[in-house]
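Novice: Before anything else, here's the structure in question.
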Amino acid sequence: METDLLAVTFTPSTTAVAGSLTASALLGLVPLLTFFVLLAGFKLKAWYSGLGALAVALIIAVLGFGMPAPLAGLSALQGVAFGLFPVMWIVVTAIWFYELTVVSGRFEDLRQVFNSVGRGDMRVQAMLIAFCFGGMLEALAGFGAPVAITGAMLIAIGMPPIRAAVTVLVANTAPVAFGAMAIPITTAGNLTGIPATEIAAVVGRQTPVLALFVPMLLLFLVDGRRGFRQVWPIALVTGAAFALAQFWCSSHFSYELTDVVASLVGLAAAVIMLRFWAPRTPDDQLSQASAEAIGPSRTMFALFPYLLVIVVFGIAKLWTLGVDIPKWLASTDIKIEWPGLYGSLLNEDGSASTGAIYTLPWLSTPGTLLLISGAIVTVVYAIWNHAGKFPMTGRLAVVTLGSTAWKMRLAIATVATVLGLSYVMNQSGQTVAIGTWLAGTGAIFALFSPILGWLGTAVTGSDTSANALFARLQQAAGQTAGIDPTLLVAANTSGGVVGKLISPQNLTIAATAVDRPGSEPELLRKVVWYSIGMLAVLCVLVYLQSTPVLSWMLP
């Protein structure tokens, strides 16, 4: 007899394996272990590892957790669809938006802006390039672009290669949670059902603690105790401005723009301070980069894309005068009851699980807003061409978008497979079983919560992937242990930012950027303790935020 797929139903259970929570959790861990072993042990490419783990998750979902095979397959397809749109659509358009400044030649002007700010002091320039400009690149591109670009820029101002690589790796921490238009947070919100704005607000009360001190740490990395002693005032002002802007923007503006705003505010604070204070610069710390006088017009056009994106997102997220733009944009979202899955995937009370509803935010997604912003930048750059020095055409913009998508093809495949894995584990009950089991540690679980995000990002090189793997698990653990699930999901995101600097992917990018291939082991030895130290700070912070001691910090 032919089976009617619509008649097949499934309700996830945390005790599906032999009626045991422990057995169910341990079996549910196998796909995650498979992913990490294939990636770190067998050195397979990330998307191969994701595909292998997805296959294992499907087998365990069907044979171990009793999920009908058609529903397991449909769950994987829904995850892949979400990975492609909106997740990678946002990432591709963010990187394309940055690439527009490169192909137009305006990126060189932007680099000159940073070269001219530090008054010839290599330490100040290194801090501003690695931290502020790196934060801006993380906001718009992520995926290793900040490390590659700022590493090469530090070499250009005369910094030794290994020191430059270590500096940019450590700098690429605090901004990571809001990288690529905050796609790690958007992903976590979609997977858990917790509004992304709420997760962002909590992350904005964790990562600014790192942002406050990272610039001073960079001075120490560049010039030891002397650098810290002579230049700490500008580092403190820059870090404080960045941290305050990150806190404010994550809660009160557009969380997707948090790092763009924070980077510009940090840079502006440094520029203003340097009008009234100048460092005492030793001869061996004079920058070797010559700062070209580009004038106010070219400076404005170099900064124009980043200022424009703030305006576009500000209107899209906040404008309510006359027309409620955010509400109108949200009304254009298309909600699709995933065929064959919705109505068959049930909650414990027998109601249809909303997890089987796929939202297509074709207009409201940051990816489309970036596409619109990029189109405006293209038109402006094409009109104001400054005697042919900065060639920009619509055709060049379209070709750049296509080449960006092609260069990102492996990253697209990786994220799609990892999210397919995540959806199968979530909807079959594997993730909830693991989270419920881990919640047996009680309130102390909050202390270890950031470690999962740290581990996930260290292995995959992506905070987005770490959230795809562990966000739902953190939520389940919090619900069972009586800890605020939003706090734990945010902790997973924040923990991931300090795992980024020790990920093999980032280490390789840094080694390549400073022309020292094969130096990854040396770089790892130099940065691993900074990563562990910052992780320890986050673990203690999250634990205290889960108690009355620091609960006042939370929104």
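Letters A, B, ... go to the chains of the structure tokens in the order shown; residues in each chain start at 1; ligands are counted from 1 in the same order.
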As a ChimeraX atom specification, please: every residue in stretch 15-238 of chain A that a backbone DSSP assignment puts in helix (DSSP H, G or I).
Specialist: /A:21-41,46-64,69-103,106-117,122-140,145-156,161-171,176-192,196-203,207-238
Novice: Determine, for each residue of stretch 266-347 of chain A having at least one atom at most 10 Å from an atom of stretch 72-86 of chain A, the closest pair of atoms and their separation in Å to one decimal, counting only C-alpha atoms; order by chain and ascending number, as CSV.
Specialist:
residue,atom,partner,partner_atom,distance
A:Trp338,CA,A:Gln78,CA,7.3
A:Pro339,CA,A:Leu74,CA,8.2
A:Gly340,CA,A:Leu74,CA,7.3
A:Leu341,CA,A:Leu74,CA,6.4
A:Tyr342,CA,A:Leu74,CA,9.9
A:Leu345,CA,A:Ser75,CA,9.6
Novice: So that I can see what lies close to stretch 540-548 of chain A, please list as a list of chain:residue names the residues with an atom at most 9 Å from it, counting only C-alpha atoms and leaving out residues fewer than 5 positions away in the same chain.
Specialist: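 Selected residues are A:Gln206, A:Ala443, A:Ile444, A:Phe445, A:Ala446, A:Leu447, A:Phe448, A:Ser449, A:Pro450, A:Ile483, A:Asp484, A:Leu487, A:Leu488, A:Ala491, A:Leu535, A:Met553, A:Leu554.
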Novice: Got time to write the residues from that selection, C-alpha atoms, as an mmCIF file, in the first residue's frame?
Specialist:
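And here's part08.cif as it stands now:
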data_model
loop_
_atom_site.group_PDB
_atom_site.id
_atom_site.type_symbol
_atom_site.label_atom_id
_atom_site.label_comp_id
_atom_site.auth_asym_id
_atom_site.auth_seq_id
_atom_site.Cartn_x
_atom_site.Cartn_y
_atom_site.Cartn_z
ATOM 1 C CA GLN A 206 29.010 40.973 27.000
ATOM 2 C CA ALA A 443 22.979 26.637 37.515
ATOM 3 C CA ILE A 444 26.722 26.061 37.041
ATOM 4 C CA PHE A 445 26.046 25.353 33.349
ATOM 5 C CA ALA A 446 26.056 29.121 32.762
ATOM 6 C CA LEU A 447 29.759 29.133 33.676
ATOM 7 C CA PHE A 448 30.573 26.673 30.883
ATOM 8 C CA SER A 449 28.076 27.960 28.332
ATOM 9 C CA PRO A 450 30.512 30.203 26.371
ATOM 10 C CA ILE A 483 18.601 29.754 33.344
ATOM 11 C CA ASP A 484 17.475 32.498 30.959
ATOM 12 C CA LEU A 487 21.467 34.646 28.094
ATOM 13 C CA LEU A 488 22.876 31.237 27.145
ATOM 14 C CA ALA A 491 26.830 33.420 25.610
ATOM 15 C CA LEU A 535 37.173 33.043 27.289
ATOM 16 C CA MET A 553 23.365 44.168 33.342
ATOM 17 C CA LEU A 554 20.779 42.302 31.285
#
Novice: Which stretch 261-322 of chain A residues have any atom within 7 Å of an atom of stretch 117-132 of chain A, and for each, what is the nearest pair of atoms with distance in Å to one decimal, counting only C-alpha atoms, rows sorted by chain and number, as a tab-separated table?
Specialist:
residue	atom	partner	partner_atom	distance
A:Ser263	CA	A:Cys132	CA	4.7
A:Gly266	CA	A:Cys132	CA	6.5
A:Leu267	CA	A:Cys132	CA	6.2
A:Val271	CA	A:Val117	CA	6.4
A:Thr281	CA	A:Asp121	CA	6.0
A:Gln285	CA	A:Met122	CA	5.3
A:Leu286	CA	A:Asp121	CA	5.1
A:Ser287	CA	A:Met122	CA	4.6
Novice: Can you pull out every residue within 12 Å of A:Phe390, counting only C-alpha atoms, but drop anything in the same chain fewer than 6 positions away, and send it as a PyMOL selection string?
Specialist: chain A and resi 100-109+298+301-302+378+380-384+396
Novice: Hey, can you spit out that residue selection with C-alpha atoms as an mmCIF file, in the first residue's frame?
Specialist:
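Output contents, as saved in out28.cif:
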data_model
loop_
_atom_site.group_PDB
_atom_site.id
_atom_site.type_symbol
_atom_site.label_atom_id
_atom_site.label_comp_id
_atom_site.auth_asym_id
_atom_site.auth_seq_id
_atom_site.Cartn_x
_atom_site.Cartn_y
_atom_site.Cartn_z
ATOM 1 C CA LEU A 100 32.680 47.912 -4.549
ATOM 2 C CA THR A 101 35.112 50.176 -2.705
ATOM 3 C CA VAL A 102 38.009 48.011 -3.903
ATOM 4 C CA VAL A 103 37.123 47.809 -7.606
ATOM 5 C CA SER A 104 36.353 51.531 -7.698
ATOM 6 C CA GLY A 105 39.745 52.392 -6.217
ATOM 7 C CA ARG A 106 38.163 54.119 -3.216
ATOM 8 C CA PHE A 107 39.594 51.547 -0.800
ATOM 9 C CA GLU A 108 43.054 53.082 -1.230
ATOM 10 C CA ASP A 109 41.648 56.431 -0.173
ATOM 11 C CA ARG A 298 37.942 62.134 -1.490
ATOM 12 C CA PHE A 301 33.622 59.607 -0.783
ATOM 13 C CA ALA A 302 35.863 56.986 0.847
ATOM 14 C CA THR A 378 27.476 52.453 -7.717
ATOM 15 C CA VAL A 380 27.201 57.936 -6.860
ATOM 16 C CA TYR A 381 30.662 56.609 -7.695
ATOM 17 C CA ALA A 382 29.809 56.494 -11.403
ATOM 18 C CA ILE A 383 28.683 60.141 -11.402
ATOM 19 C CA TRP A 384 31.478 61.566 -9.247
ATOM 20 C CA LEU A 396 31.315 46.386 -13.107
#
Novice: Which distance in Å separates atom CA of A:Pro504 and atom CA of A:Pro521, to one decimal?
Specialist: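 Between these atoms lies a distance of 9.6 Å.
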Novice: Residues within 7 Å of A:Arg163, please, as a count of residues only. Count only C-alpha atoms; anything in the same chain fewer than 4 positions from it doesn't count.
Specialist: 3
Novice: Set the distance at 8 Å and use only C-alpha atoms: which residues neighbour A:Leu507 once local chain neighbours fewer than 3 positions away are removed? I'd like the list as a VMD selection string.
Specialist: chain A and resid 169 501 to 504 510 to 511 520 523 to 524
Novice: Please provide the set of residues having any atom within 7 Å of A:Ile434, restricted to only C-alpha atoms, with same-chain residues fewer than 6 positions apart removed, written as an MDAnalysis selection string.
Specialist: chainID A and resid 25 28 473
Novice: Mind giving me the straight-line distance from atom CA of A:His252 to atom CA of A:Tyr306 in Å, one decimal?
Specialist: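 We find that atom CA of A:His252 and atom CA of A:Tyr306 lie 18.9 Å from each other.
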Novice: Could you tell me which of A:Tyr423, A:Trp328, A:Tyr255, A:Phe304 comes closest to A:Val203 if we count only C-alpha atoms?
Specialist: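 Looking only at the distances to A:Val203, the closest residue turns out to be A:Tyr255.
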Novice: Can you check which parts of stretch 289-399 of chain A lie within 7 Å of stretch 9-16 of chain A? Per residue, the shortest pair of atoms and distance in Å to one decimal, counting only C-alpha atoms, sorted by chain and number, as a Markdown table.
Specialist:
| residue | atom | partner | partner_atom | distance |
| --- | --- | --- | --- | --- |
| A:Ser344 | CA | A:Thr9 | CA | 4.2 |
| A:Leu345 | CA | A:Phe10 | CA | 5.2 |
| A:Leu346 | CA | A:Thr11 | CA | 5.0 |
| A:Asn347 | CA | A:Thr11 | CA | 5.9 |
| A:Glu348 | CA | A:Thr11 | CA | 6.4 |
Novice: Kindly save the residues from that selection, with N, CA and C atoms included, as an mmCIF file, in the first residue's frame.
Specialist:
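This went into out_39.cif:
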data_model
loop_
_atom_site.group_PDB
_atom_site.id
_atom_site.type_symbol
_atom_site.label_atom_id
_atom_site.label_comp_id
_atom_site.auth_asym_id
_atom_site.auth_seq_id
_atom_site.Cartn_x
_atom_site.Cartn_y
_atom_site.Cartn_z
ATOM 1 N N SER A 344 2.982 17.770 9.986
ATOM 2 C CA SER A 344 3.451 16.417 10.299
ATOM 3 C C SER A 344 4.450 16.429 11.452
ATOM 4 N N LEU A 345 5.140 17.542 11.610
ATOM 5 C CA LEU A 345 6.044 17.710 12.744
ATOM 6 C C LEU A 345 5.242 18.375 13.860
ATOM 7 N N LEU A 346 5.065 17.654 14.969
ATOM 8 C CA LEU A 346 4.141 18.092 16.009
ATOM 9 C C LEU A 346 4.855 18.411 17.316
ATOM 10 N N ASN A 347 4.235 19.317 18.091
ATOM 11 C CA ASN A 347 4.684 19.576 19.453
ATOM 12 C C ASN A 347 4.111 18.509 20.389
ATOM 13 N N GLU A 348 4.508 18.544 21.648
ATOM 14 C CA GLU A 348 4.029 17.542 22.600
ATOM 15 C C GLU A 348 2.520 17.587 22.783
#
Novice: Kindly give the distance, in Å, that separates atom CA of A:Gly41 and atom CA of A:Val459, rounded to a single decimal.
Specialist: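 Separation of atom CA of A:Gly41 and atom CA of A:Val459: 10.5 Å.
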Novice: Counting only C-alpha atoms, which of A:Ile412, A:Leu244, A:Leu452, A:Val147 gets nearest to A:Thr258?
Specialist: A:Leu244
